[in-house]
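Okay, data-v9.txt now, which holds compact mmCIF, C-alpha atoms:
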# COMPACT_ATOMS: atom_id res chain seq x y z
CA MET S 148 134.75 -15.13 45.50
CA GLU S 149 136.47 -15.24 42.10
CA ILE S 150 139.54 -17.51 42.02
CA SER S 151 142.64 -17.74 39.87
CA ALA S 152 142.28 -21.44 39.00
CA ARG S 153 141.97 -21.47 35.21
CA ASN S 154 139.84 -24.60 34.93
CA LYS S 155 136.27 -24.65 36.22
CA MET S 156 134.01 -27.25 34.65
CA LYS S 157 130.36 -27.43 35.58
CA GLY S 158 128.61 -30.77 35.86
CA LYS S 159 126.40 -32.95 37.98
CA VAL S 160 127.53 -35.02 40.98
CA THR S 161 127.10 -38.72 40.19
CA SER S 162 128.75 -40.32 43.23
CA VAL S 163 130.06 -39.46 46.68
CA SER S 164 132.07 -42.04 48.61
CA LYS S 165 133.32 -41.07 52.05
CA GLY S 166 136.30 -42.52 53.89
CA ALA S 167 137.63 -41.61 57.31
CA VAL S 168 139.28 -38.33 56.25
CA ASN S 169 138.82 -37.97 52.50
CA ALA S 170 135.93 -38.47 50.12
CA GLU S 171 135.87 -39.38 46.44
CA VAL S 172 133.39 -37.36 44.40
CA THR S 173 132.55 -37.90 40.73
CA ILE S 174 131.16 -35.16 38.51
CA GLN S 175 129.76 -35.75 35.03
CA LEU S 176 130.27 -33.00 32.48
CA PRO S 177 127.65 -32.18 29.83
CA GLY S 178 129.87 -33.75 27.14
CA GLY S 179 129.83 -37.07 29.06
CA ASP S 180 133.36 -36.89 30.52
CA GLU S 181 133.54 -37.82 34.21
CA ILE S 182 135.90 -36.06 36.60
CA VAL S 183 136.97 -37.66 39.89
CA SER S 184 137.96 -35.49 42.85
CA ILE S 185 139.44 -36.27 46.26
CA VAL S 186 138.49 -33.68 48.88
CA THR S 187 138.10 -33.85 52.64
CA ASN S 188 134.83 -35.04 54.17
CA SER S 189 134.55 -31.63 55.80
CA SER S 190 134.46 -30.00 52.38
CA VAL S 191 131.74 -32.37 51.17
CA GLU S 192 129.65 -31.38 54.18
CA LYS S 193 130.45 -27.67 54.02
CA LEU S 194 129.46 -27.46 50.33
CA LYS S 195 126.53 -29.88 50.78
CA ILE S 196 127.82 -32.03 47.90
CA GLU S 197 125.20 -34.69 47.05
CA VAL S 198 124.40 -36.97 44.13
CA GLY S 199 122.31 -35.09 41.58
CA LYS S 200 123.49 -31.64 42.63
CA GLU S 201 125.31 -29.30 40.22
CA ALA S 202 128.95 -28.61 41.06
CA TYR S 203 132.17 -27.40 39.49
CA ALA S 204 135.40 -29.38 39.17
CA ILE S 205 138.20 -26.84 39.65
CA VAL S 206 141.84 -27.41 38.68
CA LYS S 207 144.86 -25.10 38.81
CA ALA S 208 146.55 -25.03 35.39
CA SER S 209 149.91 -26.12 36.83
CA ASN S 210 148.24 -29.38 37.92
CA VAL S 211 147.18 -30.34 34.40
CA MET S 212 149.49 -32.69 32.52
CA LEU S 213 149.31 -33.51 28.83
CA GLY S 214 149.29 -36.85 27.04
CA VAL S 215 149.36 -37.99 23.44
CA ASP S 216 148.58 -41.38 21.90
CA MET I 117 152.14 -46.85 29.79
CA GLU I 118 148.91 -46.89 31.78
CA ILE I 119 148.86 -44.33 34.60
CA SER I 120 146.95 -43.99 37.86
CA ALA I 121 145.68 -40.43 37.24
CA ARG I 122 141.91 -40.79 37.29
CA ASN I 123 141.14 -37.93 34.90
CA LYS I 124 142.11 -38.12 31.24
CA MET I 125 140.09 -35.93 28.91
CA LYS I 126 140.68 -36.04 25.18
CA GLY I 127 140.45 -32.87 23.13
CA LYS I 128 142.15 -30.73 20.53
CA VAL I 129 145.01 -28.30 21.16
CA THR I 130 143.79 -24.75 20.46
CA SER I 131 146.79 -22.72 21.66
CA VAL I 132 150.43 -23.10 22.70
CA SER I 133 152.22 -20.18 24.29
CA LYS I 134 155.86 -20.67 25.28
CA GLY I 135 157.78 -18.78 27.93
CA ALA I 136 161.38 -19.21 29.01
CA VAL I 137 160.80 -22.38 31.05
CA ASN I 138 157.07 -23.14 31.00
CA ALA I 139 154.43 -23.16 28.30
CA GLU I 140 150.68 -22.62 28.50
CA VAL I 141 148.66 -25.07 26.42
CA THR I 142 144.89 -24.97 25.89
CA ILE I 143 142.85 -28.03 24.98
CA GLN I 144 139.23 -27.89 23.87
CA LEU I 145 137.03 -30.81 24.88
CA PRO I 146 134.27 -32.14 22.58
CA GLY I 147 131.62 -30.61 24.90
CA GLY I 148 133.19 -27.15 24.37
CA ASP I 149 134.96 -26.82 27.75
CA GLU I 150 138.54 -25.55 27.50
CA ILE I 151 141.28 -26.84 29.77
CA VAL I 152 144.46 -24.84 30.37
CA SER I 153 147.70 -26.60 31.28
CA ILE I 154 151.12 -25.36 32.34
CA VAL I 155 153.91 -27.76 31.39
CA THR I 156 157.58 -27.30 30.64
CA ASN I 157 158.70 -26.30 27.16
CA SER I 158 160.64 -29.55 27.03
CA SER I 159 157.39 -31.49 27.41
CA VAL I 160 155.74 -29.53 24.62
CA GLU I 161 158.64 -30.45 22.37
CA LYS I 162 158.93 -34.06 23.51
CA LEU I 163 155.22 -34.71 22.90
CA LYS I 164 155.17 -32.57 19.72
CA ILE I 165 152.20 -30.57 21.05
CA GLU I 166 150.86 -28.29 18.31
CA VAL I 167 147.66 -26.39 17.57
CA GLY I 168 145.14 -28.70 15.94
CA LYS I 169 146.65 -31.90 17.32
CA GLU I 170 144.66 -34.26 19.55
CA ALA I 171 145.87 -34.50 23.15
CA TYR I 172 144.72 -35.52 26.61
CA ALA I 173 144.46 -33.26 29.65
CA ILE I 174 145.45 -35.45 32.61
CA VAL I 175 144.73 -34.60 36.26
CA LYS I 176 145.35 -36.57 39.47
CA ALA I 177 142.10 -36.77 41.45
CA SER I 178 143.70 -35.22 44.55
CA ASN I 179 144.32 -32.06 42.49
CA VAL I 180 140.65 -31.53 41.67
CA MET I 181 138.73 -29.16 43.93
CA LEU I 182 134.98 -28.70 44.03
CA GLY I 183 132.86 -25.55 43.87
CA VAL I 184 129.17 -24.76 44.17
CA ASP I 185 127.25 -21.64 43.22
CA MET W 32 131.28 -19.54 43.99
CA GLU W 33 132.10 -21.38 47.19
CA ILE W 34 135.04 -23.75 46.83
CA SER W 35 136.24 -26.85 48.68
CA ALA W 36 139.79 -25.63 49.32
CA ARG W 37 140.10 -25.59 53.10
CA ASN W 38 142.60 -22.76 53.35
CA LYS W 39 141.66 -19.21 52.39
CA MET W 40 143.76 -16.49 53.98
CA LYS W 41 142.93 -12.84 53.37
CA GLY W 42 145.70 -10.29 53.04
CA LYS W 43 147.08 -7.46 50.96
CA VAL W 44 149.07 -7.81 47.73
CA THR W 45 152.61 -6.50 48.30
CA SER W 46 154.27 -7.48 45.01
CA VAL W 47 153.46 -8.69 41.51
CA SER W 48 156.26 -9.87 39.24
CA LYS W 49 155.32 -11.07 35.76
CA GLY W 50 157.29 -13.45 33.57
CA ALA W 51 156.41 -14.71 30.09
CA VAL W 52 153.77 -17.22 31.24
CA ASN W 53 153.66 -17.14 35.05
CA ALA W 54 153.64 -14.38 37.63
CA GLU W 55 154.84 -14.36 41.23
CA VAL W 56 152.47 -12.62 43.62
CA THR W 57 153.11 -11.93 47.31
CA ILE W 58 150.32 -11.44 49.85
CA GLN W 59 150.89 -10.19 53.39
CA LEU W 60 148.58 -11.57 56.07
CA PRO W 61 147.39 -9.41 58.97
CA GLY W 62 149.70 -11.37 61.34
CA GLY W 63 152.70 -10.35 59.20
CA ASP W 64 153.29 -13.69 57.44
CA GLU W 65 153.88 -13.38 53.69
CA ILE W 66 152.53 -15.93 51.23
CA VAL W 67 154.05 -16.32 47.77
CA SER W 68 151.93 -17.61 44.88
CA ILE W 69 152.73 -18.59 41.31
CA VAL W 70 149.77 -18.15 38.98
CA THR W 71 149.48 -17.48 35.26
CA ASN W 72 149.69 -13.92 33.96
CA SER W 73 146.17 -14.38 32.61
CA SER W 74 144.89 -14.95 36.14
CA VAL W 75 146.63 -11.81 37.40
CA GLU W 76 144.87 -9.85 34.69
CA LYS W 77 141.49 -11.56 35.03
CA LEU W 78 141.39 -10.93 38.81
CA LYS W 79 142.96 -7.46 38.46
CA ILE W 80 145.63 -8.34 41.04
CA GLU W 81 147.62 -5.21 41.94
CA VAL W 82 149.89 -4.06 44.74
CA GLY W 83 147.79 -2.72 47.60
CA LYS W 84 144.66 -4.64 46.69
CA GLU W 85 143.07 -7.16 49.08
CA ALA W 86 143.22 -10.79 47.97
CA TYR W 87 143.00 -14.33 49.32
CA ALA W 88 145.73 -16.95 49.22
CA ILE W 89 143.93 -20.26 48.65
CA VAL W 90 145.48 -23.70 49.24
CA LYS W 91 143.97 -27.20 49.01
CA ALA W 92 144.66 -29.08 52.25
CA SER W 93 146.40 -31.94 50.44
CA ASN W 94 149.03 -29.43 49.28
CA VAL W 95 150.03 -28.38 52.79
CA MET W 96 153.03 -30.18 54.29
CA LEU W 97 154.11 -30.06 57.92
CA GLY W 98 157.50 -29.30 59.47
CA VAL W 99 158.94 -29.35 62.95
CA ASP W 100 162.15 -27.85 64.30
CA MET P 209 167.57 -29.35 55.78
CA GLU P 210 166.62 -26.09 54.08
CA ILE P 211 163.89 -26.48 51.47
CA SER P 212 162.79 -24.51 48.42
CA ALA P 213 159.12 -24.22 49.41
CA ARG P 214 158.52 -20.48 49.68
CA ASN P 215 155.80 -20.61 52.32
CA LYS P 216 156.57 -21.76 55.86
CA MET P 217 154.15 -20.54 58.51
CA LYS P 218 154.75 -21.33 62.15
CA GLY P 219 151.84 -22.07 64.45
CA LYS P 220 150.43 -24.44 67.03
CA VAL P 221 148.73 -27.77 66.30
CA THR P 222 145.07 -27.57 67.36
CA SER P 223 143.73 -30.89 66.04
CA VAL P 224 144.92 -34.20 64.64
CA SER P 225 142.38 -36.59 63.12
CA LYS P 226 143.68 -39.89 61.76
CA GLY P 227 142.07 -42.04 59.09
CA ALA P 228 143.29 -45.33 57.67
CA VAL P 229 146.02 -43.81 55.46
CA ASN P 230 145.84 -40.03 55.80
CA ALA P 231 145.45 -37.66 58.72
CA GLU P 232 143.97 -34.17 58.89
CA VAL P 233 146.04 -31.75 60.98
CA THR P 234 145.04 -28.18 61.86
CA ILE P 235 147.59 -25.49 62.74
CA GLN P 236 146.66 -22.12 64.18
CA LEU P 237 148.84 -19.17 63.16
CA PRO P 238 149.64 -16.34 65.60
CA GLY P 239 147.29 -14.02 63.66
CA GLY P 240 144.40 -16.43 64.26
CA ASP P 241 144.20 -17.99 60.78
CA GLU P 242 143.88 -21.78 60.79
CA ILE P 243 145.60 -23.94 58.19
CA VAL P 244 144.40 -27.47 57.45
CA SER P 245 146.83 -30.09 56.14
CA ILE P 246 146.37 -33.63 54.85
CA VAL P 247 149.47 -35.77 55.36
CA THR P 248 150.00 -39.50 55.81
CA ASN P 249 149.63 -41.06 59.24
CA SER P 250 153.26 -42.13 58.96
CA SER P 251 154.30 -38.48 58.73
CA VAL P 252 152.25 -37.57 61.80
CA GLU P 253 154.06 -40.29 63.71
CA LYS P 254 157.51 -39.58 62.29
CA LEU P 255 157.29 -35.86 63.18
CA LYS P 256 155.49 -36.59 66.51
CA ILE P 257 152.71 -34.13 65.58
CA GLU P 258 150.43 -33.63 68.60
CA VAL P 259 147.86 -31.09 69.75
CA GLY P 260 149.62 -28.18 71.46
CA LYS P 261 152.96 -28.72 69.72
CA GLU P 262 154.53 -26.04 67.50
CA ALA P 263 154.74 -26.89 63.81
CA TYR P 264 155.11 -25.27 60.40
CA ALA P 265 152.59 -25.37 57.57
CA ILE P 266 154.67 -25.56 54.38
CA VAL P 267 153.34 -24.83 50.87
CA LYS P 268 155.11 -24.71 47.49
CA ALA P 269 154.31 -21.38 45.79
CA SER P 270 152.92 -23.11 42.69
CA ASN P 271 150.22 -24.64 44.90
CA VAL P 272 148.89 -21.28 46.09
CA MET P 273 145.92 -19.88 44.18
CA LEU P 274 144.53 -16.37 44.47
CA GLY P 275 141.01 -15.13 45.05
CA VAL P 276 139.29 -11.76 45.13
CA ASP P 277 135.88 -10.76 46.47
CA MET Q 4 163.65 -28.42 59.96
CA GLU Q 5 162.23 -31.92 59.52
CA ILE Q 6 159.35 -32.05 57.02
CA SER Q 7 156.43 -34.41 56.40
CA ALA Q 8 157.14 -34.98 52.69
CA ARG Q 9 157.74 -38.71 52.42
CA ASN Q 10 160.11 -38.61 49.46
CA LYS Q 11 163.57 -37.06 49.76
CA MET Q 12 166.11 -38.26 47.25
CA LYS Q 13 169.69 -37.07 47.42
CA GLY Q 14 171.63 -36.43 44.25
CA LYS Q 15 173.83 -33.99 42.39
CA VAL Q 16 172.64 -30.93 40.47
CA THR Q 17 173.38 -31.42 36.75
CA SER Q 18 171.63 -28.40 35.25
CA VAL Q 19 170.02 -25.11 36.23
CA SER Q 20 168.03 -23.16 33.63
CA LYS Q 21 166.46 -19.88 34.74
CA GLY Q 22 163.45 -18.17 33.20
CA ALA Q 23 161.81 -14.91 34.22
CA VAL Q 24 160.01 -16.35 37.27
CA ASN Q 25 160.72 -20.08 37.42
CA ALA Q 26 163.82 -22.19 36.99
CA GLU Q 27 164.23 -25.78 35.85
CA VAL Q 28 166.72 -27.78 37.90
CA THR Q 29 167.88 -31.34 37.18
CA ILE Q 30 169.24 -33.65 39.88
CA GLN Q 31 170.93 -36.95 39.13
CA LEU Q 32 170.41 -39.74 41.67
CA PRO Q 33 173.18 -42.23 42.50
CA GLY Q 34 171.27 -44.97 40.58
CA GLY Q 35 171.42 -42.80 37.42
CA ASP Q 36 167.77 -41.61 37.41
CA GLU Q 37 167.38 -37.88 36.74
CA ILE Q 38 164.72 -35.81 38.48
CA VAL Q 39 163.53 -32.51 37.03
CA SER Q 40 162.15 -29.79 39.30
CA ILE Q 41 160.49 -26.45 38.64
CA VAL Q 42 161.04 -23.96 41.47
CA THR Q 43 161.13 -20.18 41.60
CA ASN Q 44 164.35 -18.33 40.76
CA SER Q 45 164.26 -16.95 44.28
CA SER Q 46 164.50 -20.47 45.69
CA VAL Q 47 167.47 -21.30 43.45
CA GLU Q 48 169.23 -18.22 44.81
CA LYS Q 49 168.19 -18.70 48.43
CA LEU Q 50 169.44 -22.33 48.46
CA LYS Q 51 172.49 -21.48 46.32
CA ILE Q 52 171.60 -24.28 43.87
CA GLU Q 53 174.44 -24.74 41.37
CA VAL Q 54 175.64 -27.41 38.98
CA GLY Q 55 177.77 -29.95 40.84
CA LYS Q 56 176.28 -29.24 44.25
CA GLU Q 57 174.49 -31.94 46.27
CA ALA Q 58 170.75 -31.42 46.74
CA TYR Q 59 167.58 -33.30 47.57
CA ALA Q 60 164.55 -33.73 45.34
CA ILE Q 61 161.55 -33.62 47.68
CA VAL Q 62 158.06 -34.81 46.76
CA LYS Q 63 154.86 -35.07 48.83
CA ALA Q 64 153.45 -38.61 48.52
CA SER Q 65 150.08 -37.34 47.27
CA ASN Q 66 151.89 -35.89 44.24
CA VAL Q 67 153.31 -39.24 43.12
CA MET Q 68 151.30 -41.11 40.49
CA LEU Q 69 151.83 -44.70 39.43
CA GLY Q 70 152.23 -46.24 35.99
CA VAL Q 71 152.52 -49.75 34.60
CA ASP Q 72 153.66 -50.96 31.20
CA MET H 70 149.91 -42.99 26.02
CA GLU H 71 152.96 -40.76 26.36
CA ILE H 72 152.60 -38.13 29.11
CA SER H 73 154.22 -34.78 29.82
CA ALA H 74 155.27 -35.58 33.40
CA ARG H 75 159.05 -35.22 33.35
CA ASN H 76 159.81 -37.74 36.08
CA LYS H 77 159.14 -41.44 35.55
CA MET H 78 161.17 -43.78 37.75
CA LYS H 79 160.89 -47.52 37.33
CA GLY H 80 161.04 -49.79 40.35
CA LYS H 81 159.39 -52.66 42.18
CA VAL H 82 156.32 -52.40 44.42
CA THR H 83 157.31 -53.28 48.01
CA SER H 84 154.11 -52.46 49.88
CA VAL H 85 150.44 -51.65 49.29
CA SER H 86 148.30 -50.43 52.17
CA LYS H 87 144.67 -49.65 51.44
CA GLY H 88 142.41 -47.30 53.38
CA ALA H 89 138.77 -46.45 52.75
CA VAL H 90 139.43 -44.15 49.77
CA ASN H 91 143.18 -43.89 49.29
CA ALA H 92 146.03 -46.37 49.29
CA GLU H 93 149.70 -45.93 50.13
CA VAL H 94 152.06 -47.68 47.72
CA THR H 95 155.83 -47.95 48.08
CA ILE H 96 158.15 -48.48 45.13
CA GLN H 97 161.83 -49.34 45.46
CA LEU H 98 164.16 -47.95 42.80
CA PRO H 99 167.17 -49.92 41.54
CA GLY H 100 169.51 -47.56 43.43
CA GLY H 101 167.75 -48.44 46.71
CA ASP H 102 165.70 -45.23 47.12
CA GLU H 103 162.08 -45.84 48.11
CA ILE H 104 159.25 -43.68 46.77
CA VAL H 105 155.91 -43.47 48.56
CA SER H 106 152.73 -42.68 46.61
CA ILE H 107 149.16 -41.95 47.65
CA VAL H 108 146.66 -42.92 44.97
CA THR H 109 143.00 -43.97 45.09
CA ASN H 110 142.10 -47.59 45.76
CA SER H 111 140.42 -47.61 42.36
CA SER H 112 143.74 -46.86 40.71
CA VAL H 113 145.48 -49.66 42.60
CA GLU H 114 142.83 -52.05 41.31
CA LYS H 115 142.71 -50.66 37.77
CA LEU H 116 146.50 -50.95 37.37
CA LYS H 117 146.65 -54.27 39.28
CA ILE H 118 149.35 -52.87 41.58
CA GLU H 119 150.72 -55.68 43.78
CA VAL H 120 153.82 -56.31 45.87
CA GLY H 121 156.61 -57.60 43.65
CA LYS H 122 155.25 -56.09 40.45
CA GLU H 123 157.22 -53.54 38.42
CA ALA H 124 155.77 -50.04 38.33
CA TYR H 125 156.72 -46.43 37.63
CA ALA H 126 156.58 -43.57 40.11
CA ILE H 127 155.52 -40.52 38.07
CA VAL H 128 155.89 -36.91 39.21
CA LYS H 129 155.16 -33.62 37.42
CA ALA H 130 158.24 -31.37 37.62
CA SER H 131 156.30 -28.53 39.26
CA ASN H 132 155.63 -30.86 42.20
CA VAL H 133 159.32 -31.45 42.94
CA MET H 134 160.86 -29.23 45.62
CA LEU H 135 164.55 -28.90 46.36
CA GLY H 136 166.44 -29.14 49.64
CA VAL H 137 170.02 -28.63 50.75
CA ASP H 138 171.78 -29.66 53.94
Represent the structure from my file as structure tokens, please.
Amino acid sequence: MEISARNKMKGKVTSVSKGAVNAEVTIQLPGGDEIVSIVTNSSVEKLKIEVGKEAYAIVKASNVMLGVD
Amino acid sequence: MEISARNKMKGKVTSVSKGAVNAEVTIQLPGGDEIVSIVTNSSVEKLKIEVGKEAYAIVKASNVMLGVD
Amino acid sequence: MEISARNKMKGKVTSVSKGAVNAEVTIQLPGGDEIVSIVTNSSVEKLKIEVGKEAYAIVKASNVMLGVD
Amino acid sequence: MEISARNKMKGKVTSVSKGAVNAEVTIQLPGGDEIVSIVTNSSVEKLKIEVGKEAYAIVKASNVMLGVD
Amino acid sequence: MEISARNKMKGKVTSVSKGAVNAEVTIQLPGGDEIVSIVTNSSVEKLKIEVGKEAYAIVKASNVMLGVD
Amino acid sequence: MEISARNKMKGKVTSVSKGAVNAEVTIQLPGGDEIVSIVTNSSVEKLKIEVGKEAYAIVKASNVMLGVD
């Protein structure tokens, strides 16, 4: 499926930490930036997210804020 | 101010496109990835967002989804 | 790509209304419910969203609230 | 109270799974689609959400993405 | 309808600015804080939002970030 | 850093409740309103959020809904 979310960044999963309902997953981008995601445990299992695997961090543009120094 | 949002990625503004209420702003990360953000025009003005300026794309972890090929 | 968003509901596009930056798109589900989405105009074009076409409404579980009468 | 969220879909609660802070609640729509929601445990208690009860899944339009096959 | 969103703050509408698709609405709380909301024009019309009218700003807890000086 | 989020409300932390991945934090505004936030435990630790401390509740305008009685 192709989705409307404007931001899809490919990287490698570097950590998966599961709680009771949600899990915290970290993805490292090629440039070195790390992106942290909170998804449900069910999604981690459904997508077979594991450390070392390639995955995309996906963000809808309206959920991106801006900051300046 | 230091904020709780886990994802803050520094890059350079490559486009600003204003509508009546919202604006679409694109930031290019050092690794080449581009991040698109929708913020209000007021925010673009308040932060003086302009093409060529450095800025951060900021995303709360609960707004990051995952995808796999 | 397979994505983590838990909610993917297939329906038919019944309206597309474009603004300067964002567009409002309505999808009718087989059960009759209508779902309204705000996405960028670029996404409408990229996905070739048009009235009459089949499309999915996709929602991350953490963005679904509950209500009771 | 009447709220601005454009999407309100009525269904029946089919599962409630509580964690330490958040709970995962599934609602089945009349057409058969299931919608998964993550809300706080406090909200589950405040609204007396239970399996078999009728409830609405509520989503702000800006949180709905689109997908095409 | 009673909804799960944990944050409902009552105030008075102090401005309504409509675009092509979305509108920006400002609500002033009794303590003086102002809250800015982006909703669709359709919602402004459906709820008859007007300057001077009382309204609630409603926010799901997972959409609230924290900051410290 | 200065951020684009339009809503920044200063108050005092009145409760912090940690789960396995996420924490629920309550902030009381000067006017008496309480704002509940769900952030990751890591953010609570990074910002040293504690009961009695001053903190800001920060919300992107597109995440604010409206309601009327």
Neighbours of range 37-45 of chain Q within 10 Å (all atoms listed in the file; same-chain residues fewer than 6 positions away dropped), as an mmCIF file with C-alpha atoms, keeping the file's coordinate frame?
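around.cif written:
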data_model
loop_
_atom_site.group_PDB
_atom_site.id
_atom_site.type_symbol
_atom_site.label_atom_id
_atom_site.label_comp_id
_atom_site.auth_asym_id
_atom_site.auth_seq_id
_atom_site.Cartn_x
_atom_site.Cartn_y
_atom_site.Cartn_z
ATOM 1 C CA VAL I 137 160.800 -22.380 31.050
ATOM 2 C CA ASN I 138 157.070 -23.140 31.000
ATOM 3 C CA VAL I 155 153.910 -27.760 31.390
ATOM 4 C CA THR I 156 157.580 -27.300 30.640
ATOM 5 C CA GLU W 55 154.840 -14.360 41.230
ATOM 6 C CA ILE W 69 152.730 -18.590 41.310
ATOM 7 C CA SER P 212 162.790 -24.510 48.420
ATOM 8 C CA ALA P 213 159.120 -24.220 49.410
ATOM 9 C CA ARG P 214 158.520 -20.480 49.680
ATOM 10 C CA LYS P 268 155.110 -24.710 47.490
ATOM 11 C CA ALA P 269 154.310 -21.380 45.790
ATOM 12 C CA SER P 270 152.920 -23.110 42.690
ATOM 13 C CA MET Q 12 166.110 -38.260 47.250
ATOM 14 C CA GLY Q 14 171.630 -36.430 44.250
ATOM 15 C CA LYS Q 15 173.830 -33.990 42.390
ATOM 16 C CA VAL Q 16 172.640 -30.930 40.470
ATOM 17 C CA THR Q 17 173.380 -31.420 36.750
ATOM 18 C CA SER Q 18 171.630 -28.400 35.250
ATOM 19 C CA VAL Q 19 170.020 -25.110 36.230
ATOM 20 C CA SER Q 20 168.030 -23.160 33.630
ATOM 21 C CA LYS Q 21 166.460 -19.880 34.740
ATOM 22 C CA GLY Q 22 163.450 -18.170 33.200
ATOM 23 C CA ALA Q 23 161.810 -14.910 34.220
ATOM 24 C CA VAL Q 24 160.010 -16.350 37.270
ATOM 25 C CA ASN Q 25 160.720 -20.080 37.420
ATOM 26 C CA ALA Q 26 163.820 -22.190 36.990
ATOM 27 C CA GLU Q 27 164.230 -25.780 35.850
ATOM 28 C CA VAL Q 28 166.720 -27.780 37.900
ATOM 29 C CA THR Q 29 167.880 -31.340 37.180
ATOM 30 C CA ILE Q 30 169.240 -33.650 39.880
ATOM 31 C CA GLN Q 31 170.930 -36.950 39.130
ATOM 32 C CA LYS Q 51 172.490 -21.480 46.320
ATOM 33 C CA ILE Q 52 171.600 -24.280 43.870
ATOM 34 C CA TYR Q 59 167.580 -33.300 47.570
ATOM 35 C CA ALA Q 60 164.550 -33.730 45.340
ATOM 36 C CA ILE Q 61 161.550 -33.620 47.680
ATOM 37 C CA VAL Q 62 158.060 -34.810 46.760
ATOM 38 C CA ALA H 74 155.270 -35.580 33.400
ATOM 39 C CA ARG H 75 159.050 -35.220 33.350
ATOM 40 C CA ASN H 76 159.810 -37.740 36.080
ATOM 41 C CA LYS H 77 159.140 -41.440 35.550
ATOM 42 C CA MET H 78 161.170 -43.780 37.750
ATOM 43 C CA VAL H 128 155.890 -36.910 39.210
ATOM 44 C CA LYS H 129 155.160 -33.620 37.420
ATOM 45 C CA ALA H 130 158.240 -31.370 37.620
ATOM 46 C CA SER H 131 156.300 -28.530 39.260
ATOM 47 C CA ASN H 132 155.630 -30.860 42.200
ATOM 48 C CA VAL H 133 159.320 -31.450 42.940
ATOM 49 C CA MET H 134 160.860 -29.230 45.620
ATOM 50 C CA LEU H 135 164.550 -28.900 46.360
#
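Separating CA of Gly101 in chain H from CA of Leu32 in chain Q is a distance of 10.4 Å.
Rounded to one decimal, CA of Pro33 in chain Q and CA of Lys56 in chain Q lie 13.5 Å from each other.
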Subject >> Length of the CA of Ser251 in chain P to CA of Ser190 in chain S vector [Å] >> reply: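 Calculated distance between CA of Ser251 in chain P and CA of Ser190 in chain S is 22.5 Å.
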Which protein, DNA or RNA residues have an atom at most 10 Å from (168.4, -28.8, 53.3), counting all atoms listed in the file? List them as a PDB file with C-alpha atoms, in the frame of the given file.
ATOM      1  CA  MET P 209     167.570 -29.350  55.780  1.00  0.00           C
ATOM      2  CA  GLU P 210     166.620 -26.090  54.080  1.00  0.00           C
ATOM      3  CA  ILE P 211     163.890 -26.480  51.470  1.00  0.00           C
ATOM      4  CA  SER P 212     162.790 -24.510  48.420  1.00  0.00           C
TER       5      SER P 212
ATOM      6  CA  MET Q   4     163.650 -28.420  59.960  1.00  0.00           C
ATOM      7  CA  GLU Q   5     162.230 -31.920  59.520  1.00  0.00           C
ATOM      8  CA  LEU Q  50     169.440 -22.330  48.460  1.00  0.00           C
ATOM      9  CA  GLU Q  57     174.490 -31.940  46.270  1.00  0.00           C
ATOM     10  CA  ALA Q  58     170.750 -31.420  46.740  1.00  0.00           C
ATOM     11  CA  TYR Q  59     167.580 -33.300  47.570  1.00  0.00           C
TER      12      TYR Q  59
ATOM     13  CA  LEU H 135     164.550 -28.900  46.360  1.00  0.00           C
ATOM     14  CA  GLY H 136     166.440 -29.140  49.640  1.00  0.00           C
ATOM     15  CA  VAL H 137     170.020 -28.630  50.750  1.00  0.00           C
ATOM     16  CA  ASP H 138     171.780 -29.660  53.940  1.00  0.00           C
TER      17      ASP H 138
END
Coordinates of box centre and edge lengths for range 90-109 of chain H, 8 Å on every side, axis-aligned, as JSON:
{"center_x": 154.5, "center_y": -45.9, "center_z": 45.8, "size_x": 46.1, "size_y": 24.0, "size_z": 24.6}
